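*Asks:* Data file upload37.cif (mmCIF, C-alpha atoms) is appended below.
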data_upload
loop_
_atom_site.group_PDB
_atom_site.id
_atom_site.type_symbol
_atom_site.label_atom_id
_atom_site.label_comp_id
_atom_site.auth_asym_id
_atom_site.auth_seq_id
_atom_site.Cartn_x
_atom_site.Cartn_y
_atom_site.Cartn_z
ATOM 1 C CA MET A 3 -21.660 -6.275 3.721
ATOM 2 C CA ALA A 4 -19.963 -4.066 6.322
ATOM 3 C CA ILE A 5 -18.244 -5.799 9.224
ATOM 4 C CA ALA A 6 -19.530 -4.731 12.641
ATOM 5 C CA ARG A 7 -16.868 -2.833 14.600
ATOM 6 C CA SER A 8 -16.285 -2.596 18.336
ATOM 7 C CA PRO A 9 -13.519 -1.088 20.458
ATOM 8 C CA ARG A 10 -14.091 -3.741 23.112
ATOM 9 C CA PHE A 11 -10.670 -5.295 23.405
ATOM 10 C CA ALA A 12 -7.966 -4.951 26.037
ATOM 11 C CA GLY A 13 -4.272 -5.723 26.155
ATOM 12 C CA PRO A 14 -1.889 -7.319 26.553
ATOM 13 C CA ALA A 15 -2.293 -8.812 23.076
ATOM 14 C CA ASP A 16 -0.395 -11.861 21.796
ATOM 15 C CA LEU A 17 -1.083 -12.309 18.085
ATOM 16 C CA HIS A 18 0.945 -15.421 17.207
ATOM 17 C CA MET A 19 0.038 -18.708 18.912
ATOM 18 C CA HIS A 20 -0.233 -22.320 17.710
ATOM 19 C CA SER A 21 -2.397 -25.275 18.706
ATOM 20 C CA ASN A 22 -2.373 -28.973 17.888
ATOM 21 C CA GLN A 23 -4.315 -28.138 14.731
ATOM 22 C CA SER A 24 -0.844 -27.515 13.277
ATOM 23 C CA ASP A 25 2.442 -27.903 15.165
ATOM 24 C CA GLY A 26 1.515 -26.847 18.693
ATOM 25 C CA THR A 27 1.075 -29.436 21.438
ATOM 26 C CA GLU A 28 -2.153 -28.178 23.055
ATOM 27 C CA SER A 29 -5.764 -27.897 21.955
ATOM 28 C CA PRO A 30 -7.037 -24.469 20.861
ATOM 29 C CA ALA A 31 -8.948 -24.185 24.149
ATOM 30 C CA GLU A 32 -5.853 -24.966 26.200
ATOM 31 C CA VAL A 33 -3.791 -22.426 24.226
ATOM 32 C CA VAL A 34 -6.355 -19.783 25.180
ATOM 33 C CA ARG A 35 -6.285 -20.864 28.830
ATOM 34 C CA GLN A 36 -2.491 -20.695 28.881
ATOM 35 C CA ALA A 37 -2.588 -17.228 27.338
ATOM 36 C CA HIS A 38 -5.041 -16.105 30.029
ATOM 37 C CA ARG A 39 -2.855 -17.548 32.813
ATOM 38 C CA PHE A 40 0.052 -15.460 31.546
ATOM 39 C CA GLY A 41 -2.008 -12.268 31.536
ATOM 40 C CA VAL A 42 -2.890 -12.085 27.827
ATOM 41 C CA ARG A 43 -6.337 -10.586 27.232
ATOM 42 C CA THR A 44 -6.443 -10.374 23.425
ATOM 43 C CA MET A 45 -5.040 -13.280 21.426
ATOM 44 C CA ALA A 46 -4.853 -14.733 17.934
ATOM 45 C CA LEU A 47 -4.668 -18.394 17.009
ATOM 46 C CA THR A 48 -2.407 -18.605 13.950
ATOM 47 C CA ASP A 49 -2.049 -22.265 13.051
ATOM 48 C CA HIS A 50 -0.124 -23.076 9.909
ATOM 49 C CA ASP A 51 -2.238 -22.940 6.752
ATOM 50 C CA ARG A 52 -5.536 -23.679 8.473
ATOM 51 C CA THR A 53 -8.393 -22.125 10.446
ATOM 52 C CA THR A 54 -9.936 -25.227 12.030
ATOM 53 C CA GLY A 55 -9.195 -24.112 15.599
ATOM 54 C CA TRP A 56 -10.980 -20.763 15.409
ATOM 55 C CA ASP A 57 -14.375 -21.762 16.836
ATOM 56 C CA GLU A 58 -12.939 -23.658 19.815
ATOM 57 C CA ALA A 59 -10.542 -20.842 20.613
ATOM 58 C CA ALA A 60 -13.256 -18.195 20.274
ATOM 59 C CA ALA A 61 -15.594 -20.106 22.578
ATOM 60 C CA THR A 62 -12.895 -20.266 25.238
ATOM 61 C CA THR A 63 -11.934 -16.601 24.947
ATOM 62 C CA ALA A 64 -15.613 -15.740 25.414
ATOM 63 C CA GLU A 65 -15.728 -17.817 28.604
ATOM 64 C CA LEU A 66 -12.643 -16.041 29.949
ATOM 65 C CA GLY A 67 -13.646 -12.525 28.946
ATOM 66 C CA MET A 68 -10.954 -12.215 26.287
ATOM 67 C CA THR A 69 -10.963 -10.963 22.691
ATOM 68 C CA PHE A 70 -10.152 -13.406 19.909
ATOM 69 C CA ILE A 71 -8.486 -12.272 16.682
ATOM 70 C CA PRO A 72 -8.921 -15.005 14.018
ATOM 71 C CA GLY A 73 -5.636 -15.653 12.221
ATOM 72 C CA MET A 74 -3.405 -18.045 10.321
ATOM 73 C CA GLU A 75 0.286 -18.416 9.465
ATOM 74 C CA LEU A 76 0.559 -18.927 5.716
ATOM 75 C CA SER A 77 3.654 -20.683 4.384
ATOM 76 C CA ALA A 78 5.594 -18.911 1.638
ATOM 77 C CA LYS A 79 9.047 -19.052 0.079
ATOM 78 C CA HIS A 80 11.296 -16.375 -1.416
ATOM 79 C CA GLU A 81 14.238 -17.898 -3.288
ATOM 80 C CA TRP A 82 15.792 -20.186 -0.627
ATOM 81 C CA ARG A 83 14.153 -18.397 2.299
ATOM 82 C CA SER A 84 11.174 -19.760 4.199
ATOM 83 C CA VAL A 85 8.836 -16.826 4.751
ATOM 84 C CA HIS A 86 5.808 -17.039 7.032
ATOM 85 C CA VAL A 87 2.984 -14.586 6.462
ATOM 86 C CA LEU A 88 0.560 -14.029 9.320
ATOM 87 C CA GLY A 89 -2.959 -13.306 8.104
ATOM 88 C CA TYR A 90 -5.567 -11.734 10.380
ATOM 89 C CA LEU A 91 -9.321 -11.226 10.111
ATOM 90 C CA PHE A 92 -9.649 -12.561 6.561
ATOM 91 C CA ASP A 93 -12.699 -14.365 5.194
ATOM 92 C CA PRO A 94 -12.057 -18.086 5.913
ATOM 93 C CA LEU A 95 -14.405 -19.048 3.055
ATOM 94 C CA ASP A 96 -12.494 -17.113 0.403
ATOM 95 C CA GLU A 97 -12.118 -19.628 -2.432
ATOM 96 C CA ALA A 98 -8.665 -18.604 -3.664
ATOM 97 C CA LEU A 99 -7.117 -18.607 -0.207
ATOM 98 C CA ARG A 100 -8.737 -21.917 0.714
ATOM 99 C CA ALA A 101 -7.480 -23.539 -2.479
ATOM 100 C CA GLU A 102 -3.933 -22.387 -1.770
ATOM 101 C CA THR A 103 -3.929 -23.620 1.825
ATOM 102 C CA GLU A 104 -5.285 -26.993 0.701
ATOM 103 C CA ARG A 105 -2.460 -27.257 -1.833
ATOM 104 C CA ILE A 106 0.143 -26.367 0.813
ATOM 105 C CA ARG A 107 -1.233 -28.859 3.339
ATOM 106 C CA GLY A 108 -1.458 -31.620 0.754
ATOM 107 C CA ASP A 109 2.156 -31.168 -0.243
ATOM 108 C CA ARG A 110 3.245 -31.038 3.404
ATOM 109 C CA ILE A 111 1.804 -34.510 3.955
ATOM 110 C CA GLY A 112 3.625 -35.947 0.941
ATOM 111 C CA ARG A 113 6.826 -34.266 2.029
ATOM 112 C CA ALA A 114 6.496 -35.598 5.586
ATOM 113 C CA GLU A 115 5.971 -39.126 4.257
ATOM 114 C CA ARG A 116 9.114 -38.850 2.122
ATOM 115 C CA ILE A 117 11.152 -37.635 5.083
ATOM 116 C CA VAL A 118 9.899 -40.463 7.285
ATOM 117 C CA ARG A 119 10.699 -43.075 4.628
ATOM 118 C CA SER A 120 14.258 -41.744 4.443
ATOM 119 C CA ILE A 121 14.708 -41.651 8.218
ATOM 120 C CA GLY A 122 13.164 -45.110 8.504
ATOM 121 C CA ARG A 123 16.024 -46.576 6.493
ATOM 122 C CA ASP A 124 18.419 -45.669 9.296
ATOM 123 C CA TYR A 125 16.232 -45.469 12.412
ATOM 124 C CA ASP A 126 13.273 -47.388 13.843
ATOM 125 C CA LEU A 127 10.614 -44.912 12.721
ATOM 126 C CA SER A 128 7.418 -45.415 10.709
ATOM 127 C CA TRP A 129 4.642 -43.236 9.305
ATOM 128 C CA GLU A 130 2.283 -44.741 11.885
ATOM 129 C CA ASP A 131 4.597 -43.424 14.630
ATOM 130 C CA VAL A 132 4.206 -39.924 13.211
ATOM 131 C CA LEU A 133 0.427 -40.144 12.828
ATOM 132 C CA ALA A 134 0.231 -41.167 16.487
ATOM 133 C CA GLN A 135 1.616 -37.703 17.358
ATOM 134 C CA THR A 136 -1.047 -35.775 15.428
ATOM 135 C CA THR A 137 -4.668 -34.895 15.976
ATOM 136 C CA LEU A 138 -7.430 -35.683 13.509
ATOM 137 C CA ASP A 139 -7.070 -33.569 10.347
ATOM 138 C CA ALA A 140 -3.993 -31.708 11.678
ATOM 139 C CA THR A 141 -1.385 -30.408 9.247
ATOM 140 C CA VAL A 142 1.377 -33.009 9.509
ATOM 141 C CA GLY A 143 4.861 -31.530 9.486
ATOM 142 C CA ARG A 144 8.406 -31.881 10.747
ATOM 143 C CA PRO A 145 7.462 -31.067 14.370
ATOM 144 C CA HIS A 146 5.291 -34.189 14.413
ATOM 145 C CA ILE A 147 8.210 -36.220 13.058
ATOM 146 C CA ALA A 148 10.305 -34.755 15.862
ATOM 147 C CA ASP A 149 7.661 -35.794 18.409
ATOM 148 C CA ALA A 150 7.660 -39.319 16.970
ATOM 149 C CA LEU A 151 11.451 -39.474 17.303
ATOM 150 C CA VAL A 152 11.067 -38.425 20.941
ATOM 151 C CA ALA A 153 8.347 -41.013 21.559
ATOM 152 C CA ARG A 154 10.592 -43.681 20.074
ATOM 153 C CA GLY A 155 13.429 -42.647 22.390
ATOM 154 C CA ILE A 156 15.669 -41.766 19.455
ATOM 155 C CA VAL A 157 16.097 -38.156 20.639
ATOM 156 C CA ARG A 158 15.310 -36.374 23.899
ATOM 157 C CA ASP A 159 13.177 -33.511 22.626
ATOM 158 C CA ARG A 160 12.201 -31.449 19.580
ATOM 159 C CA THR A 161 15.307 -29.299 19.900
ATOM 160 C CA GLU A 162 17.610 -32.300 19.635
ATOM 161 C CA ALA A 163 15.592 -33.615 16.690
ATOM 162 C CA PHE A 164 15.870 -30.352 14.737
ATOM 163 C CA ASP A 165 19.527 -29.884 15.625
ATOM 164 C CA GLY A 166 20.279 -33.445 14.553
ATOM 165 C CA ILE A 167 18.243 -35.850 12.418
ATOM 166 C CA LEU A 168 15.896 -33.198 10.997
ATOM 167 C CA HIS A 169 18.656 -30.699 10.205
ATOM 168 C CA PRO A 170 19.217 -30.346 6.438
ATOM 169 C CA ARG A 171 22.878 -31.390 6.802
ATOM 170 C CA GLU A 172 21.769 -34.898 7.816
ATOM 171 C CA GLY A 173 20.355 -35.571 4.363
ATOM 172 C CA TYR A 174 16.740 -36.339 5.253
ATOM 173 C CA TYR A 175 15.389 -32.882 4.437
ATOM 174 C CA GLU A 176 12.808 -32.553 1.661
ATOM 175 C CA PRO A 177 11.473 -29.275 0.230
ATOM 176 C CA HIS A 178 7.747 -28.569 0.189
ATOM 177 C CA TYR A 179 5.503 -26.402 -1.930
ATOM 178 C CA ALA A 180 4.861 -22.846 -0.791
ATOM 179 C CA PRO A 181 3.741 -19.804 -2.768
ATOM 180 C CA ASP A 182 5.956 -16.761 -3.120
ATOM 181 C CA PRO A 183 5.338 -14.028 -0.514
ATOM 182 C CA LEU A 184 3.760 -11.703 -3.084
ATOM 183 C CA THR A 185 1.096 -14.311 -3.756
ATOM 184 C CA ALA A 186 0.624 -14.960 -0.039
ATOM 185 C CA VAL A 187 0.188 -11.266 0.778
ATOM 186 C CA SER A 188 -2.194 -10.754 -2.139
ATOM 187 C CA LEU A 189 -4.351 -13.759 -1.199
ATOM 188 C CA ILE A 190 -4.729 -12.607 2.403
ATOM 189 C CA THR A 191 -5.405 -9.011 1.389
ATOM 190 C CA GLU A 192 -7.932 -9.949 -1.289
ATOM 191 C CA ALA A 193 -9.736 -12.086 1.305
ATOM 192 C CA GLY A 194 -10.210 -8.948 3.410
ATOM 193 C CA GLY A 195 -7.383 -9.722 5.817
ATOM 194 C CA VAL A 196 -4.246 -8.006 7.030
ATOM 195 C CA ALA A 197 -0.895 -9.576 6.116
ATOM 196 C CA ILE A 198 2.037 -9.327 8.541
ATOM 197 C CA ILE A 199 5.432 -10.944 7.952
ATOM 198 C CA ALA A 200 6.268 -13.221 10.899
ATOM 199 C CA HIS A 201 9.744 -13.130 12.538
ATOM 200 C CA PRO A 202 11.243 -11.531 9.397
ATOM 201 C CA VAL A 203 14.833 -10.985 10.582
ATOM 202 C CA THR A 204 15.969 -14.164 12.296
ATOM 203 C CA VAL A 205 19.588 -15.209 12.747
ATOM 204 C CA GLY A 206 21.307 -16.545 9.636
ATOM 205 C CA ARG A 207 23.012 -15.295 6.516
ATOM 206 C CA ASP A 208 20.697 -13.383 4.214
ATOM 207 C CA ARG A 209 17.592 -14.476 6.106
ATOM 208 C CA MET A 210 15.984 -11.059 5.690
ATOM 209 C CA MET A 211 14.316 -10.505 2.343
ATOM 210 C CA PRO A 212 15.997 -7.781 0.265
ATOM 211 C CA VAL A 213 14.590 -4.306 0.878
ATOM 212 C CA PRO A 214 13.556 -3.810 -2.792
ATOM 213 C CA PHE A 215 11.468 -6.990 -2.560
ATOM 214 C CA ILE A 216 9.976 -5.846 0.757
ATOM 215 C CA GLU A 217 8.943 -2.639 -1.019
ATOM 216 C CA LYS A 218 7.106 -4.782 -3.581
ATOM 217 C CA LEU A 219 5.269 -6.567 -0.773
ATOM 218 C CA ILE A 220 4.214 -3.241 0.703
ATOM 219 C CA ALA A 221 2.911 -2.118 -2.679
ATOM 220 C CA ALA A 222 0.943 -5.396 -2.879
ATOM 221 C CA GLY A 223 -0.804 -4.644 0.414
ATOM 222 C CA LEU A 224 1.521 -5.880 3.172
ATOM 223 C CA GLY A 225 0.272 -4.491 6.467
ATOM 224 C CA GLY A 226 3.438 -4.693 8.545
ATOM 225 C CA PHE A 227 5.954 -6.802 10.417
ATOM 226 C CA GLU A 228 6.170 -8.908 13.551
ATOM 227 C CA ILE A 229 9.198 -7.087 14.933
ATOM 228 C CA ASP A 230 9.021 -7.978 18.624
ATOM 229 C CA HIS A 231 9.809 -11.699 18.485
ATOM 230 C CA ARG A 232 12.534 -13.572 20.307
ATOM 231 C CA GLU A 233 14.177 -14.816 17.090
ATOM 232 C CA ASN A 234 14.612 -11.412 15.430
ATOM 233 C CA THR A 235 18.072 -9.840 15.476
ATOM 234 C CA GLU A 236 18.603 -6.343 16.871
ATOM 235 C CA SER A 237 20.186 -5.113 13.637
ATOM 236 C CA GLY A 238 17.310 -6.539 11.618
ATOM 237 C CA LYS A 239 14.714 -4.922 13.861
ATOM 238 C CA LYS A 240 16.425 -1.546 13.437
ATOM 239 C CA THR A 241 16.257 -1.882 9.647
ATOM 240 C CA LEU A 242 12.596 -2.876 9.737
ATOM 241 C CA ARG A 243 11.602 -0.052 12.060
ATOM 242 C CA ALA A 244 12.991 2.421 9.524
ATOM 243 C CA ILE A 245 10.842 0.795 6.802
ATOM 244 C CA VAL A 246 7.818 0.842 9.111
ATOM 245 C CA GLU A 247 8.265 4.534 9.819
ATOM 246 C CA LYS A 248 8.685 5.337 6.124
ATOM 247 C CA HIS A 249 5.458 3.547 5.143
ATOM 248 C CA ASP A 250 3.439 3.920 8.381
ATOM 249 C CA LEU A 251 3.030 0.160 8.782
ATOM 250 C CA ILE A 252 1.656 -1.975 11.609
ATOM 251 C CA VAL A 253 4.129 -3.439 14.122
ATOM 252 C CA THR A 254 3.199 -6.539 16.106
ATOM 253 C CA GLY A 255 4.862 -8.408 18.930
ATOM 254 C CA SER A 256 4.081 -12.005 19.785
ATOM 255 C CA SER A 257 5.235 -15.122 21.570
ATOM 256 C CA ASP A 258 4.913 -17.682 18.746
ATOM 257 C CA TYR A 259 3.707 -20.049 21.462
ATOM 258 C CA HIS A 260 3.694 -23.783 20.628
ATOM 259 C CA GLY A 261 2.958 -25.362 24.011
ATOM 260 C CA THR A 262 5.782 -27.718 24.973
ATOM 261 C CA GLY A 263 7.007 -27.678 21.361
ATOM 262 C CA LYS A 264 9.049 -24.500 21.973
ATOM 263 C CA PRO A 265 10.311 -22.644 25.062
ATOM 264 C CA ASN A 266 8.338 -19.519 24.044
ATOM 265 C CA LEU A 267 5.840 -18.369 26.692
ATOM 266 C CA PRO A 268 2.500 -16.599 26.119
ATOM 267 C CA GLY A 269 2.806 -12.854 26.266
ATOM 268 C CA GLU A 270 6.605 -12.758 26.263
ATOM 269 C CA HIS A 271 6.184 -10.180 23.484
ATOM 270 C CA THR A 272 2.958 -8.293 22.875
ATOM 271 C CA THR A 273 1.288 -5.908 20.443
ATOM 272 C CA SER A 274 0.250 -2.426 21.556
ATOM 273 C CA ASP A 275 -3.423 -1.498 21.772
ATOM 274 C CA GLU A 276 -2.843 1.125 19.077
ATOM 275 C CA MET A 277 -1.543 -1.453 16.622
ATOM 276 C CA VAL A 278 -4.311 -3.951 17.437
ATOM 277 C CA ALA A 279 -6.866 -1.209 16.756
ATOM 278 C CA ARG A 280 -5.204 -0.379 13.426
ATOM 279 C CA LEU A 281 -5.227 -4.040 12.431
ATOM 280 C CA ILE A 282 -8.934 -4.391 13.256
ATOM 281 C CA GLU A 283 -9.820 -1.194 11.443
ATOM 282 C CA ARG A 284 -7.956 -2.243 8.306
ATOM 283 C CA ALA A 285 -9.550 -5.694 7.987
ATOM 284 C CA THR A 286 -12.807 -6.329 6.131
ATOM 285 C CA GLY A 287 -12.926 -10.133 5.925
ATOM 286 C CA THR A 288 -14.229 -11.112 9.334
ATOM 287 C CA ALA A 289 -14.637 -9.536 12.758
ATOM 288 C CA PRO A 290 -12.892 -10.123 16.081
ATOM 289 C CA ARG A 291 -14.803 -12.257 18.574
ATOM 290 C CA TYR A 292 -15.474 -10.121 21.630
ATOM 291 C CA ALA A 293 -16.448 -11.505 25.024
#
Kindly return the structure encoded in the file as structure tokens.
*Replies:*
Amino acid sequence: MAIARSPRFAGPADLHMHSNQSDGTESPAEVVRQAHRFGVRTMALTDHDRTTGWDEAAATTAELGMTFIPGMELSAKHEWRSVHVLGYLFDPLDEALRAETERIRGDRIGRAERIVRSIGRDYDLSWEDVLAQTTLDATVGRPHIADALVARGIVRDRTEAFDGILHPREGYYEPHYAPDPLTAVSLITEAGGVAIIAHPVTVGRDRMMPVPFIEKLIAAGLGGFEIDHRENTESGKKTLRAIVEKHDLIVTGSSDYHGTGKPNLPGEHTTSDEMVARLIERATGTAPRYA
């Protein structure tokens, strides 16, 4: 069945925001209200590996006269690299994609429990402390462990937690299951969505995926890259823009807002109207929610 189309959206557009359904600190409705306060008029909620905040966010964007782009940030892994694939306007009932996100979330919980057990041997921290920092049915992850460490007075904030106890050098780190990026891109694309690699060129040795592998992702249906993001390096962005020009890909810009969980502010980077229109036109899985 054809998806109804409409040009009724307006910028600025922030297409990467998180609520307390994953590792943000605010409800989906409050994320939308914060976006509106900062001048955003088209926004996407992209919680990790889940879509449970879509309806609440869409209801609030409708109240405020905004456009809502349904999205998700799908966890993936290439060799040792953590790769996050933003998926937009896919069918949330697609069986293959739902099965994969359920597997990812299930393993995240087991991983979080293992990390907490290890930390608990050296610090006064329990699994109940972590659960107290989550909402019902949220994807439990390291940010919630960080919040529990803050609540216990062991660290001052999430930054100190990730720079200290939760840093891999401290010995508490545990790996978690994630599909390879080719699988992630294919699942989103086959569900009618558009796949965009989030913050693909952050600081760190060899953090960018090799160009030959990126070419494979493009052949598998990758829609583009989130280039305008505070964590991307200038040299990395230059390399990606050349790839984008070669393949005529979509470029997004976003805040990666997490409430008080990160210093990122709504609308600090945005996506052009042209690119939002291209993203909407390409998708076949679900439609934007217009006011």
*Asks:* Kindly provide the residues of stretch 64-180 of chain A that approach stretch 225-244 of chain A to within 10 Å, each paired with its closest atom pair and their distance in Å to one decimal, based on all atoms listed in the file, listed by chain and increasing number, as JSON lines.
*Replies:*
{"residue": "A:Val87", "atom": "CA", "partner": "A:Phe227", "partner_atom": "CA", "distance": 9.2}
{"residue": "A:Leu88", "atom": "CA", "partner": "A:Glu228", "partner_atom": "CA", "distance": 8.7}
{"residue": "A:Gly89", "atom": "CA", "partner": "A:Gly225", "partner_atom": "CA", "distance": 9.5}
*Asks:* Distance atom CA of A:Arg110-atom CA of A:His178, one decimal place?
*Replies:* 6.1 Å
*Asks:* Which one is closest to A:Lys79: A:Glu162, A:Glu97, A:Glu276, A:Asp182? Count all atoms listed in the file.
*Replies:*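 Distance minimum relative to A:Lys79 lands on A:Asp182.
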*Asks:* What's around stretch 269-271 of chain A at 6 Å? Count all atoms listed in the file, leave out sequence neighbours fewer than 3 positions away in its own chain, and write the answer as a ChimeraX atom specification.
*Replies:* /A:16,42,255-257
*Asks:* For the atom pair atom CA of A:Pro212 and atom CA of A:Trp82, what is the interatomic distance in Å to one decimal place?
*Replies:*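 Atom-to-atom, atom CA of A:Pro212 and atom CA of A:Trp82 are spaced 12.4 Å apart.
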*Asks:* Mind giving me the straight-line distance from atom CA of A:Met210 to atom CA of A:Gly26 in Å, one decimal?
*Replies:*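 Calculated distance between atom CA of A:Met210 and atom CA of A:Gly26 is 25.1 Å.
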